[in-house]
$ cat final.pdb   # PDB, C-alpha atoms
ATOM      1  CA  MET A   1     142.391  87.055  82.832  1.00  0.00           C
ATOM      2  CA  THR A   2     144.461  84.107  83.964  1.00  0.00           C
ATOM      3  CA  PHE A   3     144.901  80.949  81.908  1.00  0.00           C
ATOM      4  CA  GLU A   4     142.641  79.019  84.321  1.00  0.00           C
ATOM      5  CA  LYS A   5     139.814  81.552  83.925  1.00  0.00           C
ATOM      6  CA  PHE A   6     140.309  81.444  80.162  1.00  0.00           C
ATOM      7  CA  GLU A   7     140.176  77.652  80.172  1.00  0.00           C
ATOM      8  CA  ASN A   8     136.881  77.701  82.119  1.00  0.00           C
ATOM      9  CA  LYS A   9     135.467  80.281  79.723  1.00  0.00           C
ATOM     10  CA  ILE A  10     136.222  78.307  76.562  1.00  0.00           C
ATOM     11  CA  ASN A  11     134.830  75.114  78.084  1.00  0.00           C
ATOM     12  CA  LYS A  12     131.464  76.902  78.229  1.00  0.00           C
ATOM     13  CA  ASP A  13     131.637  78.654  74.841  1.00  0.00           C
ATOM     14  CA  THR A  14     132.487  78.018  71.259  1.00  0.00           C
ATOM     15  CA  ILE A  15     135.994  79.245  70.466  1.00  0.00           C
ATOM     16  CA  THR A  16     135.888  82.607  68.683  1.00  0.00           C
ATOM     17  CA  PHE A  17     138.452  85.064  67.343  1.00  0.00           C
ATOM     18  CA  SER A  18     138.099  86.931  70.630  1.00  0.00           C
ATOM     19  CA  HIS A  19     139.148  83.793  72.517  1.00  0.00           C
ATOM     20  CA  VAL A  20     142.199  83.390  70.308  1.00  0.00           C
ATOM     21  CA  TYR A  21     143.179  87.017  70.988  1.00  0.00           C
ATOM     22  CA  GLU A  22     142.707  86.536  74.748  1.00  0.00           C
ATOM     23  CA  LEU A  23     144.847  83.399  74.689  1.00  0.00           C
ATOM     24  CA  GLN A  24     147.531  85.221  72.689  1.00  0.00           C
ATOM     25  CA  GLN A  25     147.541  87.994  75.283  1.00  0.00           C
ATOM     26  CA  ILE A  26     147.790  85.492  78.160  1.00  0.00           C
ATOM     27  CA  MET A  27     150.700  83.785  76.455  1.00  0.00           C
ATOM     28  CA  SER A  28     152.526  87.054  75.663  1.00  0.00           C
ATOM     29  CA  THR A  29     155.876  87.817  77.247  1.00  0.00           C
ATOM     30  CA  VAL A  30     156.915  91.308  78.298  1.00  0.00           C
ATOM     31  CA  LEU A  31     160.530  92.310  78.793  1.00  0.00           C
ATOM     32  CA  LEU A  32     160.427  94.962  81.516  1.00  0.00           C
ATOM     33  CA  VAL A  33     163.586  97.090  81.737  1.00  0.00           C
ATOM     34  CA  GLU A  34     163.531  99.267  84.867  1.00  0.00           C
ATOM     35  CA  ASP A  35     166.326 100.090  87.309  1.00  0.00           C
ATOM     36  CA  SER A  36     164.117 101.009  90.278  1.00  0.00           C
ATOM     37  CA  GLN A  37     163.279  97.815  92.153  1.00  0.00           C
ATOM     38  CA  THR A  38     160.051  99.265  93.551  1.00  0.00           C
ATOM     39  CA  THR A  39     158.820 100.485  90.171  1.00  0.00           C
ATOM     40  CA  ARG A  40     159.901  97.228  88.541  1.00  0.00           C
ATOM     41  CA  GLU A  41     157.900  95.203  91.076  1.00  0.00           C
ATOM     42  CA  VAL A  42     154.804  97.407  90.760  1.00  0.00           C
ATOM     43  CA  ILE A  43     154.790  97.223  86.952  1.00  0.00           C
ATOM     44  CA  ALA A  44     155.606  93.501  86.910  1.00  0.00           C
ATOM     45  CA  ASN A  45     152.721  92.748  89.294  1.00  0.00           C
ATOM     46  CA  LEU A  46     150.357  94.870  87.198  1.00  0.00           C
ATOM     47  CA  LEU A  47     151.326  92.968  84.048  1.00  0.00           C
ATOM     48  CA  LYS A  48     151.145  89.552  85.722  1.00  0.00           C
ATOM     49  CA  LYS A  49     147.621  90.332  86.943  1.00  0.00           C
ATOM     50  CA  GLN A  50     146.710  90.787  83.279  1.00  0.00           C
ATOM     51  CA  GLY A  51     147.983  87.291  82.529  1.00  0.00           C
ATOM     52  CA  LEU A  52     151.210  88.412  80.884  1.00  0.00           C
ATOM     53  CA  LYS A  53     154.524  86.671  81.464  1.00  0.00           C
ATOM     54  CA  VAL A  54     157.208  89.104  82.617  1.00  0.00           C
ATOM     55  CA  GLN A  55     160.985  88.934  82.299  1.00  0.00           C
ATOM     56  CA  CYS A  56     162.845  91.734  84.089  1.00  0.00           C
ATOM     57  CA  ALA A  57     166.146  93.497  83.537  1.00  0.00           C
ATOM     58  CA  LYS A  58     167.511  96.229  85.782  1.00  0.00           C
ATOM     59  CA  ASN A  59     169.802  97.881  83.233  1.00  0.00           C
ATOM     60  CA  GLY A  60     170.319  98.180  79.491  1.00  0.00           C
ATOM     61  CA  GLU A  61     173.131  95.630  79.270  1.00  0.00           C
ATOM     62  CA  ASP A  62     171.063  92.993  81.095  1.00  0.00           C
ATOM     63  CA  ALA A  63     168.179  93.681  78.718  1.00  0.00           C
ATOM     64  CA  LEU A  64     170.349  93.113  75.662  1.00  0.00           C
ATOM     65  CA  SER A  65     171.749  89.902  77.197  1.00  0.00           C
ATOM     66  CA  LEU A  66     168.207  88.617  77.756  1.00  0.00           C
ATOM     67  CA  LEU A  67     167.299  89.491  74.177  1.00  0.00           C
ATOM     68  CA  LYS A  68     170.029  87.141  72.960  1.00  0.00           C
ATOM     69  CA  GLU A  69     168.231  84.292  74.761  1.00  0.00           C
ATOM     70  CA  MET A  70     164.594  85.189  74.127  1.00  0.00           C
ATOM     71  CA  THR A  71     162.356  87.272  71.903  1.00  0.00           C
ATOM     72  CA  PRO A  72     159.630  88.961  73.926  1.00  0.00           C
ATOM     73  CA  ASP A  73     156.302  89.995  72.431  1.00  0.00           C
ATOM     74  CA  ILE A  74     156.767  93.535  73.739  1.00  0.00           C
ATOM     75  CA  VAL A  75     159.337  95.599  75.667  1.00  0.00           C
ATOM     76  CA  VAL A  76     158.566  98.160  78.384  1.00  0.00           C
ATOM     77  CA  LEU A  77     161.672 100.309  78.703  1.00  0.00           C
ATOM     78  CA  ASP A  78     162.797 103.078  81.040  1.00  0.00           C
ATOM     79  CA  ILE A  79     165.151 105.723  79.630  1.00  0.00           C
ATOM     80  CA  ILE A  80     167.301 106.481  82.649  1.00  0.00           C
ATOM     81  CA  LEU A  81     169.184 103.225  83.199  1.00  0.00           C
ATOM     82  CA  PRO A  82     172.669 102.340  84.422  1.00  0.00           C
ATOM     83  CA  LYS A  83     175.276 101.024  81.965  1.00  0.00           C
ATOM     84  CA  MET A  84     173.234 101.794  78.824  1.00  0.00           C
ATOM     85  CA  ASN A  85     170.301 104.193  78.566  1.00  0.00           C
ATOM     86  CA  GLY A  86     166.904 103.272  77.185  1.00  0.00           C
ATOM     87  CA  TYR A  87     167.381 105.244  73.972  1.00  0.00           C
ATOM     88  CA  GLU A  88     170.451 103.145  73.146  1.00  0.00           C
ATOM     89  CA  VAL A  89     168.637  99.903  74.046  1.00  0.00           C
ATOM     90  CA  CYS A  90     165.722 100.881  71.821  1.00  0.00           C
ATOM     91  CA  ARG A  91     168.082 101.623  68.910  1.00  0.00           C
ATOM     92  CA  VAL A  92     169.742  98.201  69.308  1.00  0.00           C
ATOM     93  CA  ILE A  93     166.363  96.424  69.486  1.00  0.00           C
ATOM     94  CA  LYS A  94     165.079  98.170  66.368  1.00  0.00           C
ATOM     95  CA  SER A  95     168.290  97.641  64.379  1.00  0.00           C
ATOM     96  CA  ASN A  96     168.467  93.887  65.060  1.00  0.00           C
ATOM     97  CA  PRO A  97     166.634  91.794  62.410  1.00  0.00           C
ATOM     98  CA  LYS A  98     165.544  89.331  65.142  1.00  0.00           C
ATOM     99  CA  THR A  99     163.898  92.005  67.318  1.00  0.00           C
ATOM    100  CA  LYS A 100     163.122  94.905  64.960  1.00  0.00           C
ATOM    101  CA  ASP A 101     159.399  94.096  64.904  1.00  0.00           C
ATOM    102  CA  VAL A 102     159.068  93.785  68.693  1.00  0.00           C
ATOM    103  CA  PRO A 103     157.031  96.761  69.943  1.00  0.00           C
ATOM    104  CA  VAL A 104     158.840  99.007  72.431  1.00  0.00           C
ATOM    105  CA  ILE A 105     157.037 101.181  74.960  1.00  0.00           C
ATOM    106  CA  ILE A 106     159.209 103.782  76.602  1.00  0.00           C
ATOM    107  CA  CYS A 107     157.952 104.395  80.113  1.00  0.00           C
ATOM    108  CA  SER A 108     159.933 107.220  81.694  1.00  0.00           C
ATOM    109  CA  SER A 109     159.867 110.110  84.137  1.00  0.00           C
ATOM    110  CA  LYS A 110     161.317 112.285  81.338  1.00  0.00           C
ATOM    111  CA  LYS A 111     158.173 114.192  80.332  1.00  0.00           C
ATOM    112  CA  GLU A 112     159.359 116.891  77.961  1.00  0.00           C
ATOM    113  CA  ASP A 113     158.146 116.911  74.359  1.00  0.00           C
ATOM    114  CA  PHE A 114     161.743 116.525  73.217  1.00  0.00           C
ATOM    115  CA  ASP A 115     162.132 113.317  75.258  1.00  0.00           C
ATOM    116  CA  ARG A 116     159.000 111.873  73.669  1.00  0.00           C
ATOM    117  CA  TYR A 117     160.177 112.980  70.220  1.00  0.00           C
ATOM    118  CA  TRP A 118     163.644 111.476  70.741  1.00  0.00           C
ATOM    119  CA  GLY A 119     162.203 108.195  72.013  1.00  0.00           C
ATOM    120  CA  MET A 120     159.988 107.849  68.973  1.00  0.00           C
ATOM    121  CA  LYS A 121     162.931 108.806  66.737  1.00  0.00           C
ATOM    122  CA  GLN A 122     164.886 105.856  68.212  1.00  0.00           C
ATOM    123  CA  GLY A 123     162.097 103.524  67.110  1.00  0.00           C
ATOM    124  CA  ALA A 124     159.804 103.358  70.132  1.00  0.00           C
ATOM    125  CA  ASP A 125     156.218 102.450  69.303  1.00  0.00           C
ATOM    126  CA  ALA A 126     154.757 104.346  72.268  1.00  0.00           C
ATOM    127  CA  TYR A 127     155.884 106.699  75.023  1.00  0.00           C
ATOM    128  CA  ILE A 128     154.254 106.857  78.449  1.00  0.00           C
ATOM    129  CA  ALA A 129     155.358 109.445  81.007  1.00  0.00           C
ATOM    130  CA  LYS A 130     155.631 108.503  84.696  1.00  0.00           C
ATOM    131  CA  PRO A 131     153.673 108.674  86.844  1.00  0.00           C
ATOM    132  CA  PHE A 132     151.034 106.908  84.801  1.00  0.00           C
ATOM    133  CA  GLN A 133     147.798 105.061  85.367  1.00  0.00           C
ATOM    134  CA  GLY A 134     148.110 101.279  85.147  1.00  0.00           C
ATOM    135  CA  SER A 135     145.173 101.257  82.761  1.00  0.00           C
ATOM    136  CA  GLU A 136     147.130 103.465  80.328  1.00  0.00           C
ATOM    137  CA  LEU A 137     150.030 101.007  80.210  1.00  0.00           C
ATOM    138  CA  ILE A 138     147.734  97.993  79.857  1.00  0.00           C
ATOM    139  CA  ALA A 139     145.716  99.665  77.073  1.00  0.00           C
ATOM    140  CA  THR A 140     148.919 100.550  75.206  1.00  0.00           C
ATOM    141  CA  ILE A 141     150.240  97.000  75.521  1.00  0.00           C
ATOM    142  CA  LYS A 142     146.947  95.517  74.297  1.00  0.00           C
ATOM    143  CA  GLN A 143     146.872  97.897  71.351  1.00  0.00           C
ATOM    144  CA  LEU A 144     150.443  97.060  70.307  1.00  0.00           C
ATOM    145  CA  LEU A 145     149.942  93.308  70.735  1.00  0.00           C
ATOM    146  CA  ARG A 146     146.982  93.453  68.340  1.00  0.00           C
ATOM    147  CA  LYS A 147     149.126  94.797  65.497  1.00  0.00           C
TER     148      LYS A 147
END

$ encode --input "final.pdb" --output "structure tokens"
Amino acid sequence: MTFEKFENKINKDTITFSHVYELQQIMSTVLLVEDSQTTREVIANLLKKQGLKVQCAKNGEDALSLLKEMTPDIVVLDIILPKMNGYEVCRVIKSNPKTKDVPVIICSSKKEDFDRYWGMKQGADAYIAKPFQGSELIATIKQLLRK
């Protein structure tokens, strides 16, 4: 839902807890860390269609630089990245008092149980293997934003 659709909806209704949650979701910012331009664009468009704001980084170092300037509501993070891998980025995010409570979703082509285990061990809140359904990513984001 876009902000305009939300605005039209609340003009017709009484504001409820559900409306507050929808507004929070619309206002949420996702830091998307993905080195593949095509994949980055596909995921960013999917998230924007859900009314989420998206900041993108194409490698781990860029992600950490962005995190010095902003605190996203959630991070979607690939593992295989140039300059600094996603496991390292996740460890830095979770060890920083400013960002330790920001949910991290690892979204990677590494599908082995060990990869999932290691990602969660680094502090990830969820692990989604590529290829994935857009609905799976959106549902995971919504679930983590509710916490």

$ axis_aligned_box --input "final.pdb" --around "region 68-87 of chain A" --padding-each-side "8 Å" --output "JSON"
{"center_x": 165.8, "center_y": 95.4, "center_z": 78.2, "size_x": 35.0, "size_y": 38.2, "size_z": 28.5}

$ closest_residue --input "final.pdb" --among "A:Arg116, A:Lys83, A:Lys110, A:Lys49" --to "Pro131 (chain A)" --atoms "only C-alpha atoms"
A:Lys110

$ resolve_selection --input "final.pdb" --expression "the PyMOL selection byres ((chain A and resi 70) around 10)" --output "ChimeraX atom specification"
/A:29,31,55,64-69,71-73,98-99

$ atom_distance --input "final.pdb" --atom1 "CA of Val33 (chain A)" --atom2 "CA of Cys56 (chain A)"
5.9 Å

$ atom_distance --input "final.pdb" --atom1 "CA of Leu145 (chain A)" --atom2 "CA of Ile74 (chain A)"
7.5 Å

$ atom_distance --input "final.pdb" --atom1 "CA of Cys90 (chain A)" --atom2 "CA of Ser108 (chain A)"
13.1 Å

$ resolve_selection --input "final.pdb" --expression "the PyMOL selection byres ((chain A and resi 119) around 12)" --output "PyMOL selection string"
chain A and resi 77-80+85-91+94+104-108+110-118+120-129

$ residues_around --input "final.pdb" --residues "Asp35 (chain A)" --least-positions-apart "3" --cutoff "7 Å" --atoms "only C-alpha atoms" --output "PyMOL selection string"
chain A and resi 58-59+81

$ write_last_selection --input "final.pdb" --atoms "C-alpha atoms" --output "compact mmCIF listing (two decimals), in the coordinates of the input"
# COMPACT_ATOMS: atom_id res chain seq x y z
CA LYS A 58 167.51 96.23 85.78
CA ASN A 59 169.80 97.88 83.23
CA LEU A 81 169.18 103.22 83.20

$ closest_residue --input "final.pdb" --among "A:Gln50, A:Val76, A:Asn45, A:Gln143" --to "Ile93 (chain A)" --atoms "only C-alpha atoms"
A:Val76

$ residues_near_point --input "final.pdb" --point "(154.3, 93.3, 83.6)" --cutoff "7 Å" --atoms "only C-alpha atoms" --output "list of chain:residue names"
A:Val30, A:Leu32, A:Ile43, A:Ala44, A:Asn45, A:Leu46, A:Leu47, A:Lys48, A:Leu52, A:Lys53, A:Val54

$ closest_residue --input "final.pdb" --among "A:Val102, A:Ala57, A:Leu144, A:Ala63" --to "Glu34 (chain A)" --atoms "only C-alpha atoms"
A:Ala57

$ decode --input "final.pdb" --residues "region 17-136 of chain A" --atoms "C-alpha atoms" --output "PDB file, in the first residue's frame"
ATOM      1  CA  PHE A  17      -4.118  -0.103  15.570  1.00  0.00           C
ATOM      2  CA  SER A  18      -4.078  -1.752  12.151  1.00  0.00           C
ATOM      3  CA  HIS A  19      -3.781   1.673  10.511  1.00  0.00           C
ATOM      4  CA  VAL A  20      -0.875   2.586  12.763  1.00  0.00           C
ATOM      5  CA  TYR A  21       0.888  -0.666  11.818  1.00  0.00           C
ATOM      6  CA  GLU A  22       0.279  -0.026   8.102  1.00  0.00           C
ATOM      7  CA  LEU A  23       1.660   3.498   8.409  1.00  0.00           C
ATOM      8  CA  GLN A  24       4.706   2.183  10.283  1.00  0.00           C
ATOM      9  CA  GLN A  25       5.311  -0.316   7.489  1.00  0.00           C
ATOM     10  CA  ILE A  26       4.960   2.385   4.809  1.00  0.00           C
ATOM     11  CA  MET A  27       7.430   4.571   6.655  1.00  0.00           C
ATOM     12  CA  SER A  28       9.952   1.746   7.211  1.00  0.00           C
ATOM     13  CA  THR A  29      13.371   1.875   5.595  1.00  0.00           C
ATOM     14  CA  VAL A  30      15.156  -1.204   4.292  1.00  0.00           C
ATOM     15  CA  LEU A  31      18.898  -1.328   3.746  1.00  0.00           C
ATOM     16  CA  LEU A  32      19.364  -3.726   0.830  1.00  0.00           C
ATOM     17  CA  VAL A  33      22.918  -5.066   0.471  1.00  0.00           C
ATOM     18  CA  GLU A  34      23.319  -6.960  -2.815  1.00  0.00           C
ATOM     19  CA  ASP A  35      26.201  -6.950  -5.294  1.00  0.00           C
ATOM     20  CA  SER A  36      24.223  -8.118  -8.336  1.00  0.00           C
ATOM     21  CA  GLN A  37      22.668  -5.065  -9.973  1.00  0.00           C
ATOM     22  CA  THR A  38      19.833  -7.095 -11.495  1.00  0.00           C
ATOM     23  CA  THR A  39      18.944  -8.808  -8.224  1.00  0.00           C
ATOM     24  CA  ARG A  40      19.284  -5.522  -6.347  1.00  0.00           C
ATOM     25  CA  GLU A  41      16.852  -3.816  -8.736  1.00  0.00           C
ATOM     26  CA  VAL A  42      14.334  -6.677  -8.605  1.00  0.00           C
ATOM     27  CA  ILE A  43      14.320  -6.785  -4.794  1.00  0.00           C
ATOM     28  CA  ALA A  44      14.279  -2.988  -4.468  1.00  0.00           C
ATOM     29  CA  ASN A  45      11.274  -2.728  -6.807  1.00  0.00           C
ATOM     30  CA  LEU A  46       9.469  -5.477  -4.890  1.00  0.00           C
ATOM     31  CA  LEU A  47      10.021  -3.646  -1.600  1.00  0.00           C
ATOM     32  CA  LYS A  48       9.058  -0.243  -3.015  1.00  0.00           C
ATOM     33  CA  LYS A  49       5.786  -1.702  -4.313  1.00  0.00           C
ATOM     34  CA  GLN A  50       5.042  -2.621  -0.698  1.00  0.00           C
ATOM     35  CA  GLY A  51       5.504   1.005   0.319  1.00  0.00           C
ATOM     36  CA  LEU A  52       8.918   0.519   1.895  1.00  0.00           C
ATOM     37  CA  LYS A  53      11.750   2.999   1.468  1.00  0.00           C
ATOM     38  CA  VAL A  54      14.899   1.324   0.152  1.00  0.00           C
ATOM     39  CA  GLN A  55      18.545   2.315   0.505  1.00  0.00           C
ATOM     40  CA  CYS A  56      20.966   0.146  -1.478  1.00  0.00           C
ATOM     41  CA  ALA A  57      24.585  -0.866  -1.040  1.00  0.00           C
ATOM     42  CA  LYS A  58      26.504  -3.046  -3.475  1.00  0.00           C
ATOM     43  CA  ASN A  59      29.136  -4.326  -1.042  1.00  0.00           C
ATOM     44  CA  GLY A  60      29.747  -4.779   2.669  1.00  0.00           C
ATOM     45  CA  GLU A  61      31.917  -1.685   3.099  1.00  0.00           C
ATOM     46  CA  ASP A  62      29.289   0.548   1.463  1.00  0.00           C
ATOM     47  CA  ALA A  63      26.660  -0.946   3.765  1.00  0.00           C
ATOM     48  CA  LEU A  64      28.680  -0.134   6.868  1.00  0.00           C
ATOM     49  CA  SER A  65      29.307   3.414   5.586  1.00  0.00           C
ATOM     50  CA  LEU A  66      25.560   3.908   5.104  1.00  0.00           C
ATOM     51  CA  LEU A  67      24.911   2.589   8.601  1.00  0.00           C
ATOM     52  CA  LYS A  68      27.057   5.395  10.008  1.00  0.00           C
ATOM     53  CA  GLU A  69      24.645   7.893   8.414  1.00  0.00           C
ATOM     54  CA  MET A  70      21.309   6.157   8.957  1.00  0.00           C
ATOM     55  CA  THR A  71      19.621   3.464  11.004  1.00  0.00           C
ATOM     56  CA  PRO A  72      17.322   1.361   8.844  1.00  0.00           C
ATOM     57  CA  ASP A  73      14.327  -0.503  10.237  1.00  0.00           C
ATOM     58  CA  ILE A  74      15.562  -3.740   8.670  1.00  0.00           C
ATOM     59  CA  VAL A  75      18.508  -5.025   6.609  1.00  0.00           C
ATOM     60  CA  VAL A  76      18.303  -7.484   3.703  1.00  0.00           C
ATOM     61  CA  LEU A  77      21.809  -8.849   3.243  1.00  0.00           C
ATOM     62  CA  ASP A  78      23.501 -11.113   0.711  1.00  0.00           C
ATOM     63  CA  ILE A  79      26.404 -13.258   1.934  1.00  0.00           C
ATOM     64  CA  ILE A  80      28.637 -13.287  -1.120  1.00  0.00           C
ATOM     65  CA  LEU A  81      29.735  -9.659  -1.413  1.00  0.00           C
ATOM     66  CA  PRO A  82      32.918  -7.925  -2.545  1.00  0.00           C
ATOM     67  CA  LYS A  83      35.190  -6.243   0.020  1.00  0.00           C
ATOM     68  CA  MET A  84      33.407  -7.685   3.081  1.00  0.00           C
ATOM     69  CA  ASN A  85      31.090 -10.694   3.141  1.00  0.00           C
ATOM     70  CA  GLY A  86      27.589 -10.665   4.567  1.00  0.00           C
ATOM     71  CA  TYR A  87      28.531 -12.713   7.626  1.00  0.00           C
ATOM     72  CA  GLU A  88      31.060 -10.044   8.625  1.00  0.00           C
ATOM     73  CA  VAL A  89      28.555  -7.236   7.960  1.00  0.00           C
ATOM     74  CA  CYS A  90      25.958  -9.007  10.087  1.00  0.00           C
ATOM     75  CA  ARG A  91      28.456  -9.414  12.949  1.00  0.00           C
ATOM     76  CA  VAL A  92      29.301  -5.686  12.819  1.00  0.00           C
ATOM     77  CA  ILE A  93      25.607  -4.706  12.754  1.00  0.00           C
ATOM     78  CA  LYS A  94      24.782  -6.924  15.724  1.00  0.00           C
ATOM     79  CA  SER A  95      27.814  -5.836  17.767  1.00  0.00           C
ATOM     80  CA  ASN A  96      27.135  -2.098  17.370  1.00  0.00           C
ATOM     81  CA  PRO A  97      24.908  -0.674  20.158  1.00  0.00           C
ATOM     82  CA  LYS A  98      23.263   1.677  17.612  1.00  0.00           C
ATOM     83  CA  THR A  99      22.236  -1.128  15.231  1.00  0.00           C
ATOM     84  CA  LYS A 100      22.157  -4.296  17.361  1.00  0.00           C
ATOM     85  CA  ASP A 101      18.348  -4.352  17.454  1.00  0.00           C
ATOM     86  CA  VAL A 102      17.914  -3.841  13.697  1.00  0.00           C
ATOM     87  CA  PRO A 103      16.585  -7.098  12.215  1.00  0.00           C
ATOM     88  CA  VAL A 104      18.825  -8.688   9.577  1.00  0.00           C
ATOM     89  CA  ILE A 105      17.529 -11.017   6.881  1.00  0.00           C
ATOM     90  CA  ILE A 106      20.212 -12.934   5.062  1.00  0.00           C
ATOM     91  CA  CYS A 107      19.086 -13.550   1.507  1.00  0.00           C
ATOM     92  CA  SER A 108      21.634 -15.733  -0.269  1.00  0.00           C
ATOM     93  CA  SER A 109      22.192 -18.373  -2.922  1.00  0.00           C
ATOM     94  CA  LYS A 110      24.124 -20.369  -0.285  1.00  0.00           C
ATOM     95  CA  LYS A 111      21.500 -23.003   0.557  1.00  0.00           C
ATOM     96  CA  GLU A 112      23.288 -25.535   2.726  1.00  0.00           C
ATOM     97  CA  ASP A 113      22.150 -26.095   6.308  1.00  0.00           C
ATOM     98  CA  PHE A 114      25.580 -24.997   7.498  1.00  0.00           C
ATOM     99  CA  ASP A 115      25.216 -21.640   5.706  1.00  0.00           C
ATOM    100  CA  ARG A 116      21.857 -21.060   7.379  1.00  0.00           C
ATOM    101  CA  TYR A 117      23.290 -22.128  10.742  1.00  0.00           C
ATOM    102  CA  TRP A 118      26.325 -19.849  10.358  1.00  0.00           C
ATOM    103  CA  GLY A 119      24.171 -16.890   9.326  1.00  0.00           C
ATOM    104  CA  MET A 120      21.968 -17.278  12.369  1.00  0.00           C
ATOM    105  CA  LYS A 121      25.074 -17.712  14.545  1.00  0.00           C
ATOM    106  CA  GLN A 122      26.300 -14.297  13.308  1.00  0.00           C
ATOM    107  CA  GLY A 123      23.071 -12.741  14.565  1.00  0.00           C
ATOM    108  CA  ALA A 124      20.766 -12.870  11.550  1.00  0.00           C
ATOM    109  CA  ASP A 125      17.077 -12.855  12.422  1.00  0.00           C
ATOM    110  CA  ALA A 126      16.048 -14.805   9.314  1.00  0.00           C
ATOM    111  CA  TYR A 127      17.645 -16.632   6.397  1.00  0.00           C
ATOM    112  CA  ILE A 128      16.054 -16.898   2.960  1.00  0.00           C
ATOM    113  CA  ALA A 129      17.683 -18.973   0.221  1.00  0.00           C
ATOM    114  CA  LYS A 130      17.698 -17.722  -3.385  1.00  0.00           C
ATOM    115  CA  PRO A 131      15.805 -18.169  -5.551  1.00  0.00           C
ATOM    116  CA  PHE A 132      12.859 -17.198  -3.398  1.00  0.00           C
ATOM    117  CA  GLN A 133       9.285 -16.089  -3.844  1.00  0.00           C
ATOM    118  CA  GLY A 134       8.742 -12.362  -3.339  1.00  0.00           C
ATOM    119  CA  SER A 135       5.901 -13.177  -0.976  1.00  0.00           C
ATOM    120  CA  GLU A 136       8.331 -15.064   1.297  1.00  0.00           C
TER     121      GLU A 136
END
